[in-house]
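This report concerns only the one structure given below.
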Amino acid sequence: MSITSGESPVLCVNKMEADLSGFNIDAPRWDQCTFLGRVKHFFNITDPRTVLVPERELDWAKVMVEKSRMGVVPPGTQVEQLLYAKKLYDSAFHPDTGDKMNVIGRMSFQVPGGMIITGFMLQFYRWTLGARTMPAVIFWQWVNQSFNALVNYTNRNAASPTSVRQMALSYITATTTAVATAVGMNMLTKRAPPLVGRWVPFAAVAAANCVNIPMMRQQELIQGICVKDGNHSEIGHSRRAAAIGITQVVISRITMAAPGMILLPVIMERLEKLRFMKKVKVLHAPLQVLLSGCFLIFMVPVACGLFPQKCELPVSYLEPELQDAIRAKYGELVPYVYFNKGL
């Protein structure tokens, strides 16, 4: 199903009437208990073309999703139309609050945003390897961490509010970590082969992710993350659940960046030795940006699909006081709790 900014959702559907009795718009189209099912799900909602969809169409999608949940969809509505609306809704609205997320912070913006930043970060860093100039290293790490901080805040578990002061502190800490790592590894790799030096940005990005994400979501670690029973009823807040969710997000983000930032320098080093590439050096940066995008198109859904977004955790793993509270109220009727780990 193609998605363009001027395309009417009505034209995107099968013309045949569909029976909507028993249709659950929140039921996943693919099995979220399997890795392949999760990858298909995230391929759908991280589709970068959705960032081009106009605001009025996103608002239409939210209305359609809400009406479907209430069972009051307009006569003649078709299943494909609702699935298209759910795709737009999942790509643009926060799963906890239902609020529209800023465009740059959406996971569907990871491909266009990430490819530009990663491509130019690697390329400009390549140009500075000879002199190892710090301004370029610092600038691109700052740009990357600013982008990451916004993405981390946008895709957090919104049940735990974060103050402006906390966000500012988190942003400064993550950016400083990335820059310090990049500068420190620059000094360590001055005499290393050029290829080793070109992997420094990934090391800095990986280190910064280990700081940026926990810092931007520190309220979840301090106050606990909202956990629910199988009926989506809130039954408490757990710091252990928050730690598990944030750890999984850190692993996913590093995995998302790894192939492009590790393999792309190897590919570019080979390509830059070709006679043709030596004659068209002006195309090196655009080519690196394009190749970064090719990696991210696949790695964004793959990395997001490593772990379920809706996590399941045995009650026995929660904090003892929370376990006691749940068992006192529900007995053994609630063996597992569920929570949104964020992306």
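Labels used: A, B, ... for chains in the order of the structure tokens, numbers from 1 for residues in each chain, and numbers from 1 for ligands as shown.
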
List the neighbours of range 225-241 of chain A out to 12 Å using only C-alpha atoms; skip same-chain residues closer than 2 positions along the sequence, and give me the result as a ChimeraX atom specification. /A:96,156-161,217-223,243-248,310-330,332-342

Could you give me, as a PDB file with C-alpha atoms, in the first residue's frame, the residues within 10 Å of range 32-45 of chain A, counting only C-alpha atoms and dropping anything in the same chain fewer than 3 positions from it?
```pdb
ATOM      1  CA  PRO A  28      -1.567  -7.061  16.250  1.00  0.00           C
ATOM      2  CA  ARG A  29      -1.582  -8.113  12.603  1.00  0.00           C
ATOM      3  CA  PRO A  48       9.628   6.529   6.560  1.00  0.00           C
ATOM      4  CA  ARG A  49       6.970   7.533   4.035  1.00  0.00           C
ATOM      5  CA  THR A  50       4.550   8.168   6.901  1.00  0.00           C
ATOM      6  CA  TYR A  84      -4.208   1.964   7.132  1.00  0.00           C
ATOM      7  CA  LYS A  86      -3.918   2.111  12.546  1.00  0.00           C
ATOM      8  CA  LYS A  87      -0.598   2.212  10.695  1.00  0.00           C
ATOM      9  CA  LEU A  88      -0.633   6.007  10.663  1.00  0.00           C
ATOM     10  CA  TYR A  89      -1.810   6.124  14.274  1.00  0.00           C
ATOM     11  CA  ASP A  90       0.939   3.801  15.526  1.00  0.00           C
ATOM     12  CA  SER A  91       3.588   5.714  13.593  1.00  0.00           C
ATOM     13  CA  ALA A  92       2.613   9.179  14.837  1.00  0.00           C
ATOM     14  CA  ARG A 106       9.158   9.448  15.706  1.00  0.00           C
ATOM     15  CA  MET A 107      10.735   6.084  14.893  1.00  0.00           C
ATOM     16  CA  SER A 108       9.483   6.551  11.334  1.00  0.00           C
ATOM     17  CA  ILE A 297      15.714   0.882   6.310  1.00  0.00           C
ATOM     18  CA  PHE A 298      16.293  -2.686   7.473  1.00  0.00           C
ATOM     19  CA  MET A 299      17.974  -2.123  10.834  1.00  0.00           C
ATOM     20  CA  VAL A 300      15.314   0.161  12.354  1.00  0.00           C
ATOM     21  CA  PRO A 301      12.547  -2.496  12.276  1.00  0.00           C
ATOM     22  CA  VAL A 302      15.014  -5.320  13.011  1.00  0.00           C
ATOM     23  CA  ALA A 303      16.426  -3.549  16.070  1.00  0.00           C
ATOM     24  CA  CYS A 304      12.983  -2.492  17.317  1.00  0.00           C
ATOM     25  CA  GLY A 305      11.812  -6.074  16.883  1.00  0.00           C
ATOM     26  CA  LEU A 306      14.542  -7.628  19.037  1.00  0.00           C
ATOM     27  CA  PHE A 307      12.258  -7.397  22.070  1.00  0.00           C
ATOM     28  CA  PRO A 308       8.469  -7.043  22.377  1.00  0.00           C
ATOM     29  CA  GLN A 309       7.328  -3.471  22.962  1.00  0.00           C
ATOM     30  CA  LYS A 310       4.740  -4.780  25.398  1.00  0.00           C
TER      31      LYS A 310
END
```

Within 12 Å of Glu55 in chain A, counting only C-alpha atoms, which residues show up once you throw out same-chain ones fewer than 3 positions away? Write them as a list in words, please.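 Counting only C-alpha atoms, the residues come to Ser5, Gly6, Thr50, Val51, Leu52, Leu58, Asp59, Trp60, Ala61, Lys62, Leu88, Tyr89, Ala92, Phe93, Lys100, Met101, Asn102 and Val103 of chain A.
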
Produce a file of the selected residues containing all heavy atoms, as a short mmCIF file (atom, residue, chain, number, x, y, z; two decimals), in the first residue's frame.
```
data_model
loop_
_atom_site.label_atom_id
_atom_site.label_comp_id
_atom_site.auth_asym_id
_atom_site.auth_seq_id
_atom_site.Cartn_x
_atom_site.Cartn_y
_atom_site.Cartn_z
N SER A 5 2.00 12.02 0.40
CA SER A 5 1.39 13.11 1.14
C SER A 5 0.05 13.53 0.57
O SER A 5 -0.80 14.06 1.26
CB SER A 5 2.35 14.31 1.16
OG SER A 5 2.67 14.70 -0.15
N GLY A 6 -0.18 13.31 -0.73
CA GLY A 6 -1.42 13.75 -1.32
C GLY A 6 -2.42 12.65 -1.54
O GLY A 6 -3.44 12.84 -2.20
N THR A 50 5.62 7.62 6.07
CA THR A 50 4.55 8.17 6.90
C THR A 50 4.87 9.57 7.42
O THR A 50 3.95 10.29 7.83
CB THR A 50 4.26 7.24 8.10
OG1 THR A 50 5.44 7.09 8.89
CG2 THR A 50 3.78 5.88 7.63
N VAL A 51 6.14 9.96 7.41
CA VAL A 51 6.47 11.32 7.87
C VAL A 51 5.99 12.36 6.87
O VAL A 51 5.93 13.56 7.20
CB VAL A 51 7.99 11.49 8.13
CG1 VAL A 51 8.48 10.50 9.17
CG2 VAL A 51 8.78 11.36 6.84
N LEU A 52 5.65 11.94 5.65
CA LEU A 52 5.16 12.86 4.63
C LEU A 52 3.64 13.02 4.67
O LEU A 52 3.09 13.86 3.97
CB LEU A 52 5.58 12.39 3.24
CG LEU A 52 7.08 12.22 3.00
CD1 LEU A 52 7.33 11.64 1.61
CD2 LEU A 52 7.81 13.55 3.17
N LEU A 58 -3.39 12.41 9.51
CA LEU A 58 -3.07 11.80 10.80
C LEU A 58 -4.22 11.97 11.78
O LEU A 58 -4.55 11.05 12.53
CB LEU A 58 -1.79 12.42 11.37
CG LEU A 58 -0.50 12.19 10.58
CD1 LEU A 58 0.66 12.91 11.27
CD2 LEU A 58 -0.19 10.71 10.44
N ASP A 59 -4.82 13.15 11.77
CA ASP A 59 -5.97 13.38 12.65
C ASP A 59 -7.14 12.47 12.26
O ASP A 59 -7.86 11.96 13.12
CB ASP A 59 -6.39 14.85 12.57
CG ASP A 59 -5.34 15.79 13.15
OD1 ASP A 59 -4.54 15.33 13.98
OD2 ASP A 59 -5.31 16.97 12.75
N TRP A 60 -7.33 12.29 10.95
CA TRP A 60 -8.36 11.35 10.48
C TRP A 60 -8.08 9.95 11.00
O TRP A 60 -9.00 9.24 11.45
CB TRP A 60 -8.39 11.33 8.95
CG TRP A 60 -9.14 10.17 8.37
CD1 TRP A 60 -10.47 10.06 8.14
CD2 TRP A 60 -8.57 8.91 7.96
NE1 TRP A 60 -10.78 8.83 7.62
CE2 TRP A 60 -9.63 8.10 7.49
CE3 TRP A 60 -7.28 8.39 7.92
CZ2 TRP A 60 -9.43 6.81 7.01
CZ3 TRP A 60 -7.08 7.11 7.45
CH2 TRP A 60 -8.15 6.33 7.00
N ALA A 61 -6.81 9.53 10.97
CA ALA A 61 -6.44 8.19 11.42
C ALA A 61 -6.76 8.02 12.90
O ALA A 61 -7.28 6.97 13.32
CB ALA A 61 -4.96 7.95 11.17
N LYS A 62 -6.48 9.04 13.72
CA LYS A 62 -6.76 8.94 15.15
C LYS A 62 -8.26 8.81 15.40
O LYS A 62 -8.70 8.00 16.23
CB LYS A 62 -6.21 10.15 15.88
CG LYS A 62 -6.42 10.08 17.39
CD LYS A 62 -5.78 11.24 18.12
CE LYS A 62 -5.96 11.08 19.63
NZ LYS A 62 -5.33 12.18 20.39
N LEU A 88 -0.96 4.60 10.46
CA LEU A 88 -0.63 6.01 10.66
C LEU A 88 -0.68 6.36 12.15
O LEU A 88 0.19 7.10 12.65
CB LEU A 88 -1.61 6.89 9.89
CG LEU A 88 -1.59 6.78 8.36
CD1 LEU A 88 -2.55 7.80 7.76
CD2 LEU A 88 -0.19 6.97 7.81
N TYR A 89 -1.67 5.83 12.85
CA TYR A 89 -1.81 6.12 14.27
C TYR A 89 -0.59 5.62 15.05
O TYR A 89 -0.01 6.35 15.86
CB TYR A 89 -3.09 5.48 14.80
CG TYR A 89 -3.33 5.72 16.27
CD1 TYR A 89 -3.95 6.88 16.71
CD2 TYR A 89 -2.92 4.78 17.23
CE1 TYR A 89 -4.16 7.11 18.06
CE2 TYR A 89 -3.12 5.01 18.58
CZ TYR A 89 -3.75 6.17 18.99
OH TYR A 89 -3.94 6.39 20.34
N ALA A 92 2.58 7.76 14.49
CA ALA A 92 2.61 9.18 14.84
C ALA A 92 2.11 9.51 16.24
O ALA A 92 2.36 10.62 16.71
CB ALA A 92 1.80 9.98 13.81
N PHE A 93 1.44 8.58 16.91
CA PHE A 93 0.85 8.89 18.22
C PHE A 93 1.46 7.99 19.30
O PHE A 93 1.73 6.81 19.05
CB PHE A 93 -0.66 8.71 18.18
CG PHE A 93 -1.37 9.69 17.27
CD1 PHE A 93 -1.53 9.42 15.93
CD2 PHE A 93 -1.84 10.90 17.78
CE1 PHE A 93 -2.16 10.33 15.08
CE2 PHE A 93 -2.47 11.81 16.95
CZ PHE A 93 -2.64 11.52 15.59
N LYS A 100 -0.04 13.21 19.74
CA LYS A 100 0.77 13.19 18.53
C LYS A 100 2.23 13.51 18.88
O LYS A 100 2.52 14.48 19.58
CB LYS A 100 0.24 14.21 17.53
CG LYS A 100 0.88 14.12 16.14
CD LYS A 100 0.33 15.18 15.21
CE LYS A 100 -1.16 14.97 14.96
NZ LYS A 100 -1.73 16.00 14.07
N MET A 101 3.15 12.69 18.42
CA MET A 101 4.57 12.89 18.70
C MET A 101 5.17 13.86 17.70
O MET A 101 4.69 13.98 16.57
CB MET A 101 5.31 11.55 18.63
CG MET A 101 4.84 10.53 19.65
SD MET A 101 5.76 8.96 19.59
CE MET A 101 5.12 8.25 18.06
N ASN A 102 6.23 14.57 18.12
CA ASN A 102 6.90 15.46 17.18
C ASN A 102 7.53 14.63 16.07
O ASN A 102 7.96 13.49 16.28
CB ASN A 102 7.96 16.31 17.90
CG ASN A 102 9.12 15.49 18.42
OD1 ASN A 102 10.05 15.14 17.70
ND2 ASN A 102 9.06 15.16 19.72
N VAL A 103 7.57 15.18 14.88
CA VAL A 103 7.99 14.43 13.69
C VAL A 103 9.40 13.89 13.84
O VAL A 103 9.67 12.72 13.56
CB VAL A 103 7.89 15.32 12.43
CG1 VAL A 103 8.45 14.58 11.22
CG2 VAL A 103 6.45 15.72 12.17
#
```

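By chain and then residue number, the residues within 8 Å of Val250 in chain A are Asn209, Cys210 and Ile213 of chain A, counting only C-alpha atoms and disregarding those fewer than 5 positions away in sequence.
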
Restrict the selected residues to all heavy atoms and save them as a compact mmCIF listing (two decimals), in the first residue's frame.
```txt
# COMPACT_ATOMS: atom_id res chain seq x y z
N ASN A 209 24.82 6.00 24.01
CA ASN A 209 23.51 5.36 24.16
C ASN A 209 23.34 4.76 25.55
O ASN A 209 22.23 4.74 26.10
CB ASN A 209 23.32 4.28 23.10
CG ASN A 209 22.72 4.82 21.82
OD1 ASN A 209 21.85 5.69 21.86
ND2 ASN A 209 23.16 4.32 20.69
N CYS A 210 24.43 4.23 26.09
CA CYS A 210 24.38 3.63 27.42
C CYS A 210 24.13 4.68 28.51
O CYS A 210 23.75 4.33 29.64
CB CYS A 210 25.68 2.89 27.72
SG CYS A 210 25.95 1.44 26.66
N ILE A 213 20.02 7.13 27.03
CA ILE A 213 18.69 6.54 27.24
C ILE A 213 18.34 6.45 28.72
O ILE A 213 17.26 6.89 29.13
CB ILE A 213 18.60 5.17 26.54
CG1 ILE A 213 18.78 5.35 25.03
CG2 ILE A 213 17.27 4.49 26.85
CD1 ILE A 213 18.92 4.06 24.26
```

Which residues, written as a list in words, have at least one atom at most 12 Å from Lys67 in chain A, with only C-alpha atoms counted and residues fewer than 4 positions away on the same chain left out?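 Everything that qualifies: Asn24, Ile25, Trp60, Ala61, Lys62, Val63, Gly71, Val72, Val73, Pro74, Pro75, Thr77, Leu82, Ala85 and Lys86 of chain A.
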
Please give the complete set of residues from range 151-311 of chain A that DSSP, run on the backbone, assigns to helix (DSSP H, G or I), formatted as a PyMOL selection string. chain A and resi 151-154+164-188+194-197+200-216+218-223+239-271+275-279+281-304

Would you mind reading off the distance between CA of Leu264 in chain A and CA of Gly119 in chain A, one decimal, in Å?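 For CA of Leu264 in chain A relative to CA of Gly119 in chain A, the distance reads 9.0 Å.
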
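On the backbone of this structure, DSSP gives strand (DSSP E or B) within range 36-243 of chain A to Phe93, Lys100, Ile225, Cys226, Val227, Lys228, Glu234, Ile235, Gly236, His237 and Ser238 of chain A.
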
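You can rank A:Met121, A:Val111, A:Gly105, A:Asp31 by their closest distance to Ala136 in chain A using only C-alpha atoms, and at the top of that list sits A:Met121.
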
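What separates CA of Glu272 in chain A from CA of His284 in chain A is a distance of 7.9 Å.
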
Please identify all polymer residues within 10 Å of Met261 in chain A, counting only C-alpha atoms, omitting same-chain residues fewer than 2 positions from it, and present them as a list of chain:residue names.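 The residues satisfying every condition are A:Thr118, A:Gly119, A:Met121, A:Leu122, A:Arg198, A:Trp199, A:Val200, A:Pro201, A:Phe202, A:Ala203, A:Val205, A:Met256, A:Ala257, A:Ala258, A:Pro259, A:Leu263, A:Leu264, A:Pro265, A:Val266, A:Ser292, A:Phe295.
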
Would you mind exporting N, CA and C atoms of the selected residues as a compact mmCIF listing (two decimals), in the first residue's frame?
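File selection.txt, as written:
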```
# COMPACT_ATOMS: atom_id res chain seq x y z
N THR A 118 24.28 10.01 10.40
CA THR A 118 25.31 8.96 10.37
C THR A 118 26.23 9.13 9.17
N GLY A 119 25.63 9.36 7.99
CA GLY A 119 26.43 9.49 6.77
C GLY A 119 27.42 10.63 6.86
N MET A 121 28.39 12.20 9.64
CA MET A 121 29.29 12.01 10.76
C MET A 121 30.48 11.16 10.35
N LEU A 122 30.21 10.07 9.64
CA LEU A 122 31.29 9.21 9.18
C LEU A 122 32.14 9.90 8.12
N ARG A 198 38.26 5.06 11.81
CA ARG A 198 36.93 5.35 11.29
C ARG A 198 35.82 4.65 12.08
N TRP A 199 36.20 3.75 12.98
CA TRP A 199 35.21 3.10 13.85
C TRP A 199 35.00 3.86 15.15
N VAL A 200 35.79 4.90 15.38
CA VAL A 200 35.66 5.68 16.61
C VAL A 200 34.25 6.25 16.78
N PRO A 201 33.62 6.80 15.71
CA PRO A 201 32.25 7.33 15.90
C PRO A 201 31.27 6.30 16.46
N PHE A 202 31.38 5.05 16.02
CA PHE A 202 30.46 4.03 16.55
C PHE A 202 30.71 3.78 18.03
N ALA A 203 31.99 3.73 18.42
CA ALA A 203 32.30 3.52 19.83
C ALA A 203 31.71 4.65 20.67
N VAL A 205 29.13 6.57 19.84
CA VAL A 205 27.67 6.47 19.80
C VAL A 205 27.18 5.38 20.76
N MET A 256 20.87 -1.13 16.20
CA MET A 256 20.38 -0.34 15.06
C MET A 256 21.54 0.39 14.36
N ALA A 257 22.46 0.92 15.14
CA ALA A 257 23.55 1.71 14.57
C ALA A 257 24.74 0.86 14.11
N ALA A 258 24.90 -0.33 14.70
CA ALA A 258 26.12 -1.11 14.49
C ALA A 258 26.43 -1.46 13.03
N PRO A 259 25.53 -2.09 12.27
CA PRO A 259 25.91 -2.49 10.90
C PRO A 259 26.37 -1.32 10.04
N LEU A 263 30.21 -1.54 9.23
CA LEU A 263 30.46 -2.04 7.87
C LEU A 263 30.65 -0.93 6.84
N LEU A 264 29.95 0.18 7.03
CA LEU A 264 30.03 1.26 6.05
C LEU A 264 31.45 1.82 5.88
N PRO A 265 32.21 2.04 6.96
CA PRO A 265 33.59 2.48 6.77
C PRO A 265 34.42 1.49 5.94
N VAL A 266 34.17 0.19 6.11
CA VAL A 266 34.90 -0.82 5.32
C VAL A 266 34.51 -0.71 3.85
N SER A 292 24.00 4.75 4.22
CA SER A 292 23.53 4.74 5.61
C SER A 292 22.03 4.51 5.66
N PHE A 295 21.12 0.83 5.09
CA PHE A 295 21.28 0.03 6.30
C PHE A 295 20.12 0.26 7.26
```

Report as a tab-separated table (two decimals) with N, CA and C atoms, in the first residue's frame all protein, DNA and RNA residues lying within 10 Å of Pro286 in chain A, evaluated on only C-alpha atoms, omitting residues in the same chain fewer than 3 positions from it.
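The resulting file, selection.tsv, is reproduced below:
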```
chain	number	residue	atom	x	y	z
A	116	ILE	N	21.15	10.89	7.40
A	116	ILE	CA	21.85	12.15	7.19
A	116	ILE	C	22.92	12.33	8.25
A	119	GLY	N	25.63	9.36	7.99
A	119	GLY	CA	26.43	9.49	6.77
A	119	GLY	C	27.42	10.63	6.86
A	120	PHE	N	26.97	11.79	7.29
A	120	PHE	CA	27.87	12.93	7.37
A	120	PHE	C	28.81	12.84	8.56
A	123	GLN	N	31.50	10.62	7.19
A	123	GLN	CA	32.24	11.25	6.11
A	123	GLN	C	33.10	12.41	6.60
A	281	LYS	N	35.18	12.75	-6.09
A	281	LYS	CA	35.21	12.83	-4.63
A	281	LYS	C	34.02	13.59	-4.06
A	282	VAL	N	33.45	14.47	-4.89
A	282	VAL	CA	32.30	15.25	-4.43
A	282	VAL	C	31.09	14.35	-4.14
A	283	LEU	N	31.08	13.13	-4.72
A	283	LEU	CA	29.97	12.21	-4.52
A	283	LEU	C	30.15	11.30	-3.31
A	289	VAL	N	25.79	8.87	2.73
A	289	VAL	CA	24.47	9.14	3.30
A	289	VAL	C	23.46	8.14	2.76
A	290	LEU	N	23.50	7.91	1.43
A	290	LEU	CA	22.57	6.97	0.81
A	290	LEU	C	22.76	5.56	1.35
A	291	LEU	N	24.00	5.13	1.48
A	291	LEU	CA	24.26	3.79	2.00
A	291	LEU	C	23.84	3.68	3.47
A	292	SER	N	24.00	4.75	4.22
A	292	SER	CA	23.53	4.74	5.61
A	292	SER	C	22.03	4.51	5.66
```

Rank nothing, just name the residue among A:Leu296, A:His94, A:Val183, A:Ile262 nearest to Pro135 in chain A, using only C-alpha atoms. A:Val183

For a test of reading the model, state the distance in Å between CA of Asn152 in chain A and CA of Pro54 in chain A, rounded to one decimal.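 CA of Asn152 in chain A sits 23.8 Å away from CA of Pro54 in chain A.
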